[in-house]
Amino acid sequence: MAIFDKMEQHDYEQLVFCQDKTSGLKAIICIHDTTLGPALGGTRMWNYATEEEAIEDAIRLGRGMTYKNAAAGLNLGGGKTVIIGDPLKDKNEEMFRAFGRFVQGLNGRYITAEDVGTTVADMDLIREETDFVTGVSPAFGSSGNPSPVTAYGVYKGMKAGALEAFGDDSLEGKTVTVQGVGNVAYTLCKHLHEEGAKLIVSDINEEAVQRAVNDFGAVAVAPNDIYSQEADIFAPCAMGAIINDDTIPQLKVKLVAGSANNQLKEERHGDELEARGIVYTPDFVINSGGVINVADELYGYNEERALKRVGTIYDSISKIFEISKRDGIPSYKAADRLAEERIERVAKSRSSFLRNEHNIISRR
Ligand SMILES: NC(=O)C1=CN([C@@H]2O[C@H](COP(=O)(O)OP(=O)(O)OC[C@H]3O[C@@H](n4cnc5c(N)ncnc54)[C@H](O)[C@@H]3O)[C@@H](O)[C@H]2O)C=CC1
Ligand SMILES: CC(C)CC(=O)C(=O)O
């Protein structure tokens, strides 16, 4: 599909292609919607097989942030960046400085942070060139790595999901399969282990798997075997589109609750989970702890205030199940409706004329 057709499909505002030959930077900044405020979303660095794959990830992630920020009650729009390259081999200081200048050039329309493949150190470099970056070192009065806070939110959301799926929000004795034990899922596994859950993990990075086995007594399985395990809960914490025609028939769990963005390959896969009686905690609600945390920086970071708000993800997930049952719609649709209704309300409230320096009608 042509790029403008993709953009028109879900009314994207801007796709910015950034290239810096010296550093090797190839980045795509996606600004989906700024109705609620500047677009905030992380920067992912991934070894995409093709530019088309990178563009697709950027636009799916960018729109996901619009819904995430809206549903979280934040005054922020949605956007995201993907940097094409191997985060283990291709990073250099100039790349992130050059990227920071591209972000600065957007004059606050986009605010970035971490995501897969990027770190606090990378954000600190970006901060050298732009004001519009969050998740930087606490030394600068910021919130640092958002991942542990995201994990806390996923943990709280998973408990709300357990209440819906099993009639009890305790995770003690539950078997949880965790796909991808990186930044977020390592801390999620810590919470689950402390509550007495049994862990089955997979990762394409052997070191990450071994760390979970050593620290939490997790059972390791091959990446492709994670879907078919006998378990109660599946926690996708790696990449997106993993709830699909191939994986759904393998699932034996009663609950899907994980941090990954864009878990449903297509919306119909959310319908399929519902049809199979598998409870789904909408990804952009359960994983909103990170953005809630970094967004607090915009008001002068206060950890206690941020964590208290992240803890309410439990209530947000419960509210979505209420809407789902009240309206007879799958949980993913209930979450979409919550986000879309807020965006529409704010857009309407802004539609009234307001005289300002840009639209003064001269009186001759
Ligand atoms: N970091 C954060 O605060 C937030 C992260 N997310 C999402 O959560 C997910 C994880 O994010 P992070 O933990 O930050 O990333 P990460 O890169 O630290 O961890 C992802 C892990 O998944 C593994 N992985 C990749 N493909 C895999 C596969 N096919 N099978 C098994 N493992 C695989 C990677 O090796 C890595 O260990 C991503 O989808 C991200 O967009 C969402 C909200 C906030
Ligand atoms: C703070 C970031 C991790 C926000 C973001 O990009 C996300 O929630 O996916």
# chains A, B, ... in the order shown; residues from 1 in each chain; ligands from 1
>>> residues_around(residues="Gly153 in chain A", least_positions_apart="5", cutoff="12 Å", atoms="only C-alpha atoms", output="CSV table (one decimal) with N, CA and C atoms, in the first residue's frame")
chain,number,residue,atom,x,y,z
A,72,ALA,N,-5.1,6.7,29.0
A,72,ALA,CA,-4.4,6.9,30.3
A,72,ALA,C,-4.8,8.3,30.8
A,146,PRO,N,12.0,3.8,32.1
A,146,PRO,CA,10.6,3.6,32.4
A,146,PRO,C,10.2,2.1,32.6
A,147,SER,N,11.1,1.2,32.1
A,147,SER,CA,10.7,-0.2,32.0
A,147,SER,C,10.2,-0.8,33.4
A,148,PRO,N,10.9,-0.6,34.5
A,148,PRO,CA,10.4,-1.2,35.7
A,148,PRO,C,9.1,-0.7,36.1
A,158,MET,N,-2.4,-7.3,35.1
A,158,MET,CA,-2.5,-8.8,35.0
A,158,MET,C,-3.4,-9.3,36.2
A,159,LYS,N,-3.2,-8.6,37.4
A,159,LYS,CA,-4.1,-9.0,38.5
A,159,LYS,C,-5.5,-8.7,38.2
A,160,ALA,N,-5.8,-7.6,37.6
A,160,ALA,CA,-7.2,-7.3,37.2
A,160,ALA,C,-7.7,-8.3,36.2
A,184,VAL,N,11.4,-4.9,30.5
A,184,VAL,CA,10.1,-4.9,31.2
A,184,VAL,C,9.9,-6.2,31.9
A,185,ALA,N,10.0,-7.3,31.1
A,185,ALA,CA,9.6,-8.6,31.6
A,185,ALA,C,10.5,-9.1,32.8
A,187,THR,N,11.6,-7.4,35.3
A,187,THR,CA,11.0,-6.8,36.5
A,187,THR,C,9.6,-7.4,36.7
A,188,LEU,N,8.8,-7.7,35.6
A,188,LEU,CA,7.5,-8.3,35.8
A,188,LEU,C,7.7,-9.7,36.4
A,191,HIS,N,8.1,-9.5,40.2
A,191,HIS,CA,6.8,-9.3,40.9
A,191,HIS,C,6.0,-10.6,40.9
A,257,ALA,N,-2.0,-11.2,29.0
A,257,ALA,CA,-1.7,-9.9,29.7
A,257,ALA,C,-0.2,-9.7,29.7
A,258,GLY,N,0.2,-8.8,28.8
A,258,GLY,CA,1.6,-8.6,28.6
A,258,GLY,C,2.0,-7.1,28.2
A,259,SER,N,3.2,-6.8,28.1
A,259,SER,CA,3.6,-5.4,27.9
A,259,SER,C,3.8,-5.1,26.4
A,281,THR,N,-6.3,-8.5,28.1
A,281,THR,CA,-6.2,-7.1,28.7
A,281,THR,C,-5.5,-6.3,27.6
A,283,ASP,N,-3.5,-4.1,25.2
A,283,ASP,CA,-2.1,-3.9,25.4
A,283,ASP,C,-1.8,-2.4,25.8
A,284,PHE,N,-2.5,-1.5,25.1
A,284,PHE,CA,-2.1,-0.1,25.3
A,284,PHE,C,-2.6,0.5,26.6
A,285,VAL,N,-3.4,-0.3,27.3
A,285,VAL,CA,-3.8,0.1,28.7
A,285,VAL,C,-2.9,-0.6,29.7
A,286,ILE,N,-2.7,-1.9,29.6
A,286,ILE,CA,-1.9,-2.6,30.6
A,286,ILE,C,-0.5,-2.1,30.6
A,287,ASN,N,0.0,-1.7,29.4
A,287,ASN,CA,1.5,-1.3,29.3
A,287,ASN,C,1.7,0.2,29.4
A,288,SER,N,0.7,1.0,29.9
A,288,SER,CA,0.8,2.4,29.9
A,288,SER,C,1.6,3.0,31.1
A,289,GLY,N,2.1,2.1,31.9
A,289,GLY,CA,2.9,2.6,33.1
A,289,GLY,C,4.1,3.4,32.7
A,290,GLY,N,4.8,3.0,31.6
A,290,GLY,CA,6.0,3.7,31.2
A,290,GLY,C,5.7,5.1,30.8
A,291,VAL,N,4.7,5.3,29.9
A,291,VAL,CA,4.4,6.6,29.4
A,291,VAL,C,3.8,7.5,30.5
A,292,ILE,N,3.0,6.9,31.5
A,292,ILE,CA,2.5,7.7,32.6
A,292,ILE,C,3.7,8.2,33.4
A,293,ASN,N,4.7,7.3,33.6
A,293,ASN,CA,5.9,7.7,34.4
A,293,ASN,C,6.7,8.8,33.7
A,306,ALA,N,3.6,9.6,40.3
A,306,ALA,CA,3.7,8.8,39.1
A,306,ALA,C,3.3,7.4,39.4
A,307,LEU,N,3.9,6.8,40.4
A,307,LEU,CA,3.6,5.4,40.8
A,307,LEU,C,2.2,5.2,41.2
A,308,LYS,N,1.7,6.2,41.9
A,308,LYS,CA,0.2,6.1,42.4
A,308,LYS,C,-0.7,6.0,41.2
A,309,ARG,N,-0.4,6.8,40.1
A,309,ARG,CA,-1.2,6.8,38.9
A,309,ARG,C,-1.0,5.5,38.2
A,310,VAL,N,0.2,5.0,38.1
A,310,VAL,CA,0.4,3.7,37.4
A,310,VAL,C,-0.4,2.6,38.1
A,311,GLY,N,-0.5,2.7,39.4
A,311,GLY,CA,-1.2,1.6,40.2
A,311,GLY,C,-2.7,1.6,39.8
A,312,THR,N,-3.2,2.7,39.2
A,312,THR,CA,-4.6,2.7,38.9
A,312,THR,C,-4.9,1.9,37.5
A,313,ILE,N,-3.9,1.4,37.0
A,313,ILE,CA,-4.1,0.6,35.7
A,313,ILE,C,-4.9,-0.6,36.1
A,314,TYR,N,-4.9,-1.1,37.3
A,314,TYR,CA,-5.8,-2.2,37.8
A,314,TYR,C,-7.2,-1.7,37.6
A,315,ASP,N,-7.5,-0.5,38.0
A,315,ASP,CA,-8.9,0.0,37.9
A,315,ASP,C,-9.3,0.2,36.4
A,316,SER,N,-8.3,0.7,35.6
A,316,SER,CA,-8.6,1.0,34.2
A,316,SER,C,-9.0,-0.3,33.5
A,317,ILE,N,-8.2,-1.4,33.8
A,317,ILE,CA,-8.5,-2.7,33.1
A,317,ILE,C,-9.9,-3.2,33.6
>>> residues_near_ligand(ligand="ligand 1", cutoff="6 Å", atoms="only C-alpha atoms and all ligand atoms", output="list of chain:residue names")
A:Asp115, A:Val116, A:Gly117, A:Pro146, A:Ser147, A:Thr150, A:Gln179, A:Gly180, A:Val181, A:Gly182, A:Asn183, A:Val184, A:Ala185, A:Ser202, A:Asp203, A:Ile204, A:Asn205, A:Ala208, A:Pro223, A:Cys237, A:Ala238, A:Met239, A:Gly240, A:Ser259, A:Ala260, A:Asn261, A:Asn287, A:Ser288, A:Gly290
>>> residues_around(residues="Ile200 in chain A", least_positions_apart="6", cutoff="12 Å", atoms="only C-alpha atoms", output="PyMOL selection string")
chain A and resi 174-181+185+189+192-193+209-210+212-213+216-223+225-236
>>> write_last_selection(atoms="N, CA and C atoms", output="mmCIF file, in the first residue's frame")
data_model
loop_
_atom_site.group_PDB
_atom_site.id
_atom_site.type_symbol
_atom_site.label_atom_id
_atom_site.label_comp_id
_atom_site.auth_asym_id
_atom_site.auth_seq_id
_atom_site.Cartn_x
_atom_site.Cartn_y
_atom_site.Cartn_z
ATOM 1 N N LYS A 174 -0.331 -19.556 40.002
ATOM 2 C CA LYS A 174 -0.660 -19.490 38.575
ATOM 3 C C LYS A 174 0.619 -19.720 37.754
ATOM 4 N N THR A 175 0.459 -20.416 36.624
ATOM 5 C CA THR A 175 1.584 -20.604 35.693
ATOM 6 C C THR A 175 1.487 -19.535 34.611
ATOM 7 N N VAL A 176 2.570 -18.758 34.483
ATOM 8 C CA VAL A 176 2.599 -17.641 33.540
ATOM 9 C C VAL A 176 3.707 -17.879 32.510
ATOM 10 N N THR A 177 3.332 -17.883 31.229
ATOM 11 C CA THR A 177 4.348 -17.965 30.173
ATOM 12 C C THR A 177 4.716 -16.544 29.762
ATOM 13 N N VAL A 178 6.009 -16.261 29.742
ATOM 14 C CA VAL A 178 6.499 -14.908 29.447
ATOM 15 C C VAL A 178 7.344 -14.938 28.174
ATOM 16 N N GLN A 179 6.873 -14.234 27.145
ATOM 17 C CA GLN A 179 7.613 -14.179 25.875
ATOM 18 C C GLN A 179 8.489 -12.929 25.880
ATOM 19 N N GLY A 180 9.814 -13.120 25.953
ATOM 20 C CA GLY A 180 10.721 -11.968 25.955
ATOM 21 C C GLY A 180 10.990 -11.479 27.362
ATOM 22 N N VAL A 181 12.146 -11.828 27.901
ATOM 23 C CA VAL A 181 12.481 -11.427 29.281
ATOM 24 C C VAL A 181 13.555 -10.335 29.238
ATOM 25 N N ALA A 185 10.014 -7.297 31.114
ATOM 26 C CA ALA A 185 9.585 -8.606 31.640
ATOM 27 C C ALA A 185 10.472 -9.107 32.762
ATOM 28 N N CYS A 189 8.708 -10.446 35.951
ATOM 29 C CA CYS A 189 8.964 -11.778 36.519
ATOM 30 C C CYS A 189 9.286 -11.681 38.014
ATOM 31 N N LEU A 192 6.036 -11.342 39.806
ATOM 32 C CA LEU A 192 5.274 -12.598 39.736
ATOM 33 C C LEU A 192 5.894 -13.660 40.638
ATOM 34 N N HIS A 193 7.212 -13.724 40.612
ATOM 35 C CA HIS A 193 7.937 -14.693 41.455
ATOM 36 C C HIS A 193 7.669 -14.411 42.933
ATOM 37 N N VAL A 209 17.317 -15.400 28.981
ATOM 38 C CA VAL A 209 16.622 -16.599 29.486
ATOM 39 C C VAL A 209 17.320 -17.122 30.738
ATOM 40 N N GLN A 210 18.646 -17.225 30.644
ATOM 41 C CA GLN A 210 19.409 -17.799 31.760
ATOM 42 C C GLN A 210 19.253 -16.956 33.018
ATOM 43 N N ALA A 212 16.649 -15.219 33.905
ATOM 44 C CA ALA A 212 15.332 -15.499 34.505
ATOM 45 C C ALA A 212 15.321 -16.860 35.188
ATOM 46 N N VAL A 213 16.005 -17.827 34.593
ATOM 47 C CA VAL A 213 16.090 -19.169 35.207
ATOM 48 C C VAL A 213 16.836 -19.062 36.530
ATOM 49 N N PHE A 216 14.737 -16.447 39.069
ATOM 50 C CA PHE A 216 13.332 -16.693 39.442
ATOM 51 C C PHE A 216 12.904 -18.155 39.315
ATOM 52 N N GLY A 217 13.889 -19.039 39.044
ATOM 53 C CA GLY A 217 13.550 -20.457 38.915
ATOM 54 C C GLY A 217 12.624 -20.720 37.748
ATOM 55 N N ALA A 218 12.736 -19.876 36.729
ATOM 56 C CA ALA A 218 11.852 -20.034 35.566
ATOM 57 C C ALA A 218 12.247 -21.275 34.783
ATOM 58 N N VAL A 219 11.253 -21.839 34.084
ATOM 59 C CA VAL A 219 11.510 -22.935 33.151
ATOM 60 C C VAL A 219 11.683 -22.308 31.772
ATOM 61 N N ALA A 220 12.727 -22.678 31.050
ATOM 62 C CA ALA A 220 12.996 -22.109 29.725
ATOM 63 C C ALA A 220 12.440 -23.019 28.637
ATOM 64 N N VAL A 221 11.814 -22.386 27.634
ATOM 65 C CA VAL A 221 11.371 -23.140 26.450
ATOM 66 C C VAL A 221 11.834 -22.390 25.211
ATOM 67 N N ALA A 222 11.835 -23.077 24.092
ATOM 68 C CA ALA A 222 12.263 -22.448 22.834
ATOM 69 C C ALA A 222 11.251 -21.376 22.431
ATOM 70 N N PRO A 223 11.705 -20.326 21.746
ATOM 71 C CA PRO A 223 10.790 -19.231 21.383
ATOM 72 C C PRO A 223 9.495 -19.682 20.726
ATOM 73 N N ASP A 225 7.951 -22.418 21.082
ATOM 74 C CA ASP A 225 7.139 -23.318 21.917
ATOM 75 C C ASP A 225 6.352 -22.577 22.993
ATOM 76 N N ILE A 226 6.570 -21.262 23.095
ATOM 77 C CA ILE A 226 5.962 -20.517 24.213
ATOM 78 C C ILE A 226 4.429 -20.520 24.142
ATOM 79 N N TYR A 227 3.886 -20.592 22.938
ATOM 80 C CA TYR A 227 2.427 -20.439 22.793
ATOM 81 C C TYR A 227 1.660 -21.689 23.231
ATOM 82 N N SER A 228 2.300 -22.856 23.127
ATOM 83 C CA SER A 228 1.558 -24.117 23.321
ATOM 84 C C SER A 228 1.708 -24.685 24.730
ATOM 85 N N GLN A 229 2.357 -23.932 25.612
ATOM 86 C CA GLN A 229 2.584 -24.449 26.970
ATOM 87 C C GLN A 229 1.282 -24.571 27.763
ATOM 88 N N GLU A 230 1.219 -25.574 28.633
ATOM 89 C CA GLU A 230 0.098 -25.698 29.597
ATOM 90 C C GLU A 230 0.293 -24.607 30.642
ATOM 91 N N ALA A 231 -0.535 -23.573 30.571
ATOM 92 C CA ALA A 231 -0.357 -22.458 31.511
ATOM 93 C C ALA A 231 -1.691 -21.746 31.730
ATOM 94 N N ASP A 232 -1.683 -20.819 32.694
ATOM 95 C CA ASP A 232 -2.915 -20.057 32.986
ATOM 96 C C ASP A 232 -2.928 -18.708 32.270
ATOM 97 N N ILE A 233 -1.732 -18.095 32.174
ATOM 98 C CA ILE A 233 -1.626 -16.727 31.658
ATOM 99 C C ILE A 233 -0.472 -16.665 30.662
ATOM 100 N N PHE A 234 -0.688 -15.967 29.557
ATOM 101 C CA PHE A 234 0.375 -15.705 28.572
ATOM 102 C C PHE A 234 0.698 -14.225 28.627
ATOM 103 N N ALA A 235 1.988 -13.904 28.850
ATOM 104 C CA ALA A 235 2.438 -12.507 28.931
ATOM 105 C C ALA A 235 3.381 -12.192 27.769
ATOM 106 N N PRO A 236 2.850 -11.668 26.647
ATOM 107 C CA PRO A 236 3.717 -11.266 25.534
ATOM 108 C C PRO A 236 4.462 -9.986 25.887
#
>>> residues_around(residues="range 28-41 of chain A", least_positions_apart="2", cutoff="8 Å", atoms="only C-alpha atoms", output="number ranges by chain")
A: 11-18, 26, 43, 54-55, 58-59, 62-63, 65-66, 70, 74-83, 108-113, 291, 343, 346-347
>>> write_last_selection(atoms="N, CA and C atoms", output="tab-separated table (two decimals), in the first residue's frame")
chain	number	residue	atom	x	y	z
A	11	ASP	N	-5.68	8.40	9.37
A	11	ASP	CA	-5.55	9.85	9.51
A	11	ASP	C	-4.26	10.27	10.25
A	12	TYR	N	-3.14	9.79	9.77
A	12	TYR	CA	-1.83	10.15	10.35
A	12	TYR	C	-1.47	11.58	9.97
A	13	GLU	N	-0.87	12.31	10.91
A	13	GLU	CA	-0.46	13.69	10.63
A	13	GLU	C	0.87	13.76	9.88
A	14	GLN	N	1.85	12.97	10.31
A	14	GLN	CA	3.19	13.21	9.78
A	14	GLN	C	4.06	11.96	9.87
A	15	LEU	N	4.81	11.69	8.82
A	15	LEU	CA	5.88	10.68	8.83
A	15	LEU	C	7.15	11.42	8.43
A	16	VAL	N	8.18	11.37	9.30
A	16	VAL	CA	9.41	12.12	9.01
A	16	VAL	C	10.54	11.12	8.84
A	17	PHE	N	11.13	11.11	7.64
A	17	PHE	CA	12.24	10.20	7.36
A	17	PHE	C	13.54	10.96	7.63
A	18	CYS	N	14.37	10.41	8.53
A	18	CYS	CA	15.57	11.09	8.98
A	18	CYS	C	16.79	10.27	8.56
A	26	LYS	N	19.26	6.05	10.22
A	26	LYS	CA	18.08	5.92	9.34
A	26	LYS	C	16.90	5.75	10.30
A	43	THR	N	11.46	5.57	21.24
A	43	THR	CA	12.28	5.30	20.05
A	43	THR	C	12.76	3.87	20.11
A	54	ALA	N	9.96	-1.56	8.70
A	54	ALA	CA	10.21	-0.47	9.64
A	54	ALA	C	9.08	0.56	9.60
A	55	ILE	N	8.66	0.91	8.39
A	55	ILE	CA	7.55	1.88	8.24
A	55	ILE	C	6.29	1.32	8.90
A	58	ALA	N	6.54	1.53	12.63
A	58	ALA	CA	6.43	2.92	13.09
A	58	ALA	C	4.97	3.39	13.09
A	59	ILE	N	4.24	3.07	12.05
A	59	ILE	CA	2.87	3.60	11.99
A	59	ILE	C	1.94	2.84	12.95
A	62	GLY	N	2.94	4.23	16.37
A	62	GLY	CA	2.54	5.63	16.54
A	62	GLY	C	1.07	5.78	16.89
A	63	ARG	N	0.24	5.05	16.16
A	63	ARG	CA	-1.21	5.09	16.43
A	63	ARG	C	-1.53	4.47	17.79
A	65	MET	N	0.24	4.68	20.36
A	65	MET	CA	0.53	5.66	21.41
A	65	MET	C	-0.60	6.68	21.55
A	66	THR	N	-1.25	7.03	20.44
A	66	THR	CA	-2.41	7.94	20.52
A	66	THR	C	-3.47	7.34	21.43
A	70	ALA	N	-4.35	8.61	25.26
A	70	ALA	CA	-5.74	9.06	25.46
A	70	ALA	C	-6.41	8.25	26.57
A	74	LEU	N	-3.88	11.17	29.63
A	74	LEU	CA	-2.77	12.12	29.48
A	74	LEU	C	-3.12	13.17	28.44
A	75	ASN	N	-2.55	14.36	28.60
A	75	ASN	CA	-2.75	15.42	27.61
A	75	ASN	C	-1.64	15.35	26.57
A	76	LEU	N	-1.58	14.19	25.94
A	76	LEU	CA	-0.51	13.90	24.98
A	76	LEU	C	-1.10	13.17	23.78
A	77	GLY	N	-0.56	13.48	22.61
A	77	GLY	CA	-0.92	12.73	21.41
A	77	GLY	C	-0.02	11.52	21.26
A	78	GLY	N	-0.13	10.89	20.08
A	78	GLY	CA	0.62	9.65	19.88
A	78	GLY	C	1.62	9.73	18.75
A	79	GLY	N	2.80	9.20	19.04
A	79	GLY	CA	3.84	9.11	18.02
A	79	GLY	C	4.88	8.10	18.45
A	80	LYS	N	5.77	7.78	17.57
A	80	LYS	CA	6.82	6.79	17.87
A	80	LYS	C	7.90	6.92	16.81
A	81	THR	N	9.08	6.47	17.16
A	81	THR	CA	10.20	6.45	16.19
A	81	THR	C	10.76	5.05	16.08
A	82	VAL	N	11.12	4.66	14.87
A	82	VAL	CA	11.93	3.44	14.72
A	82	VAL	C	13.25	3.85	14.07
A	83	ILE	N	14.33	3.33	14.64
A	83	ILE	CA	15.66	3.49	14.04
A	83	ILE	C	16.04	2.13	13.46
A	108	GLY	N	8.72	20.51	19.29
A	108	GLY	CA	7.85	20.08	20.39
A	108	GLY	C	6.64	19.29	19.95
A	109	ARG	N	6.46	19.08	18.64
A	109	ARG	CA	5.32	18.26	18.20
A	109	ARG	C	5.49	16.81	18.60
A	110	TYR	N	6.74	16.38	18.81
A	110	TYR	CA	7.04	15.00	19.19
A	110	TYR	C	8.02	14.97	20.35
A	111	ILE	N	7.71	14.17	21.36
A	111	ILE	CA	8.59	13.97	22.51
A	111	ILE	C	8.96	12.50	22.55
A	112	THR	N	10.23	12.20	22.69
A	112	THR	CA	10.62	10.79	22.62
A	112	THR	C	11.01	10.25	24.00
A	113	ALA	N	11.30	8.95	24.01
A	113	ALA	CA	11.70	8.22	25.23
A	113	ALA	C	12.29	6.90	24.76
A	291	VAL	N	4.66	5.28	29.95
A	291	VAL	CA	4.37	6.62	29.44
A	291	VAL	C	3.79	7.50	30.55
A	343	ILE	N	-10.77	11.51	22.79
A	343	ILE	CA	-10.19	12.34	21.73
A	343	ILE	C	-11.28	13.19	21.07
A	346	VAL	N	-12.41	16.09	23.40
A	346	VAL	CA	-11.45	17.21	23.47
A	346	VAL	C	-11.42	17.95	22.13
A	347	ALA	N	-11.47	17.20	21.05
A	347	ALA	CA	-11.46	17.85	19.72
A	347	ALA	C	-12.65	18.80	19.59
>>> closest_residue(among="A:Gln104, A:Thr119, A:Glu297, A:Tyr67", to="Lys333 in chain A", atoms="only C-alpha atoms")
A:Tyr67
>>> closest_residue(among="A:Ala2, A:Glu304, A:Lys254, A:Lys68", to="Leu163 in chain A", atoms="only C-alpha atoms")
A:Lys254
>>> residues_around(residues="Glu267 in chain A", least_positions_apart="3", cutoff="9 Å", atoms="only C-alpha atoms", output="PyMOL selection string")
chain A and resi 264+270-272+332-333
>>> select_by_dssp(residues="range 80-295 of chain A", states="helix (DSSP H, G or I)", output="ChimeraX atom specification")
/A:93-105,120-127,138-140,147-166,183-194,206-216,223-228,248-250,267-275,283-286,289-295
>>> residues_around(residues="Ala98 in chain A", least_positions_apart="4", cutoff="7 Å", atoms="only C-alpha atoms", output="ChimeraX atom specification")
/A:20,94,102
>>> write_last_selection(atoms="all heavy atoms", output="mmCIF file, in the first residue's frame")
data_model
loop_
_atom_site.group_PDB
_atom_site.id
_atom_site.type_symbol
_atom_site.label_atom_id
_atom_site.label_comp_id
_atom_site.auth_asym_id
_atom_site.auth_seq_id
_atom_site.Cartn_x
_atom_site.Cartn_y
_atom_site.Cartn_z
ATOM 1 N N ASP A 20 21.212 10.426 8.341
ATOM 2 C CA ASP A 20 22.466 11.130 8.583
ATOM 3 C C ASP A 20 23.598 10.200 8.158
ATOM 4 O O ASP A 20 23.868 9.192 8.829
ATOM 5 C CB ASP A 20 22.597 11.495 10.078
ATOM 6 C CG ASP A 20 23.939 12.150 10.379
ATOM 7 O OD1 ASP A 20 24.136 13.311 9.996
ATOM 8 O OD2 ASP A 20 24.809 11.454 10.957
ATOM 9 N N GLU A 94 27.079 9.959 17.626
ATOM 10 C CA GLU A 94 26.626 10.906 16.583
ATOM 11 C C GLU A 94 25.212 10.563 16.112
ATOM 12 O O GLU A 94 24.414 11.450 15.799
ATOM 13 C CB GLU A 94 27.589 10.864 15.395
ATOM 14 C CG GLU A 94 29.026 11.243 15.714
ATOM 15 C CD GLU A 94 29.762 10.137 16.454
ATOM 16 O OE1 GLU A 94 29.426 8.940 16.261
ATOM 17 O OE2 GLU A 94 30.659 10.453 17.268
ATOM 18 N N PHE A 102 16.897 16.171 14.774
ATOM 19 C CA PHE A 102 15.655 16.010 13.991
ATOM 20 C C PHE A 102 14.440 16.221 14.900
ATOM 21 O O PHE A 102 13.465 16.875 14.520
ATOM 22 C CB PHE A 102 15.597 14.612 13.358
ATOM 23 C CG PHE A 102 16.460 14.452 12.126
ATOM 24 C CD1 PHE A 102 17.574 13.616 12.143
ATOM 25 C CD2 PHE A 102 16.168 15.136 10.963
ATOM 26 C CE1 PHE A 102 18.376 13.455 11.015
ATOM 27 C CE2 PHE A 102 16.959 14.989 9.823
ATOM 28 C CZ PHE A 102 18.063 14.144 9.859
#
>>> select_by_dssp(residues="range 109-251 of chain A", states="strand (DSSP E or B)", output="ChimeraX atom specification")
/A:110-112,114,133,175-179,198-202,219-220,233-236,243
>>> decode(residues="range 285-323 of chain A", atoms="C-alpha atoms", output="compact mmCIF listing (two decimals), in the first residue's frame")
# COMPACT_ATOMS: atom_id res chain seq x y z
CA VAL A 285 -3.84 0.07 28.67
CA ILE A 286 -1.92 -2.58 30.59
CA ASN A 287 1.45 -1.30 29.33
CA SER A 288 0.80 2.43 29.88
CA GLY A 289 2.87 2.61 33.06
CA GLY A 290 5.98 3.71 31.19
CA VAL A 291 4.37 6.62 29.44
CA ILE A 292 2.50 7.67 32.60
CA ASN A 293 5.86 7.70 34.35
CA VAL A 294 7.78 9.74 31.79
CA ALA A 295 4.83 12.07 31.18
CA ASP A 296 5.07 13.06 34.84
CA GLU A 297 8.45 14.62 33.96
CA LEU A 298 6.60 17.30 32.01
CA TYR A 299 5.26 18.57 35.34
CA GLY A 300 8.49 18.15 37.32
CA TYR A 301 8.98 14.42 38.02
CA ASN A 302 7.43 13.20 41.26
CA GLU A 303 7.93 9.45 41.68
CA GLU A 304 5.23 9.00 44.32
CA ARG A 305 2.63 10.76 42.15
CA ALA A 306 3.65 8.78 39.06
CA LEU A 307 3.60 5.37 40.75
CA LYS A 308 0.25 6.10 42.36
CA ARG A 309 -1.21 6.84 38.92
CA VAL A 310 0.40 3.73 37.42
CA GLY A 311 -1.22 1.64 40.16
CA THR A 312 -4.64 2.68 38.86
CA ILE A 313 -4.06 0.57 35.74
CA TYR A 314 -5.77 -2.17 37.79
CA ASP A 315 -8.93 -0.03 37.89
CA SER A 316 -8.62 0.95 34.22
CA ILE A 317 -8.48 -2.69 33.14
CA SER A 318 -11.46 -3.52 35.39
CA LYS A 319 -13.40 -0.60 33.89
CA ILE A 320 -12.72 -1.89 30.38
CA PHE A 321 -14.13 -5.32 31.27
CA GLU A 322 -17.23 -3.53 32.63
CA ILE A 323 -17.67 -1.62 29.33
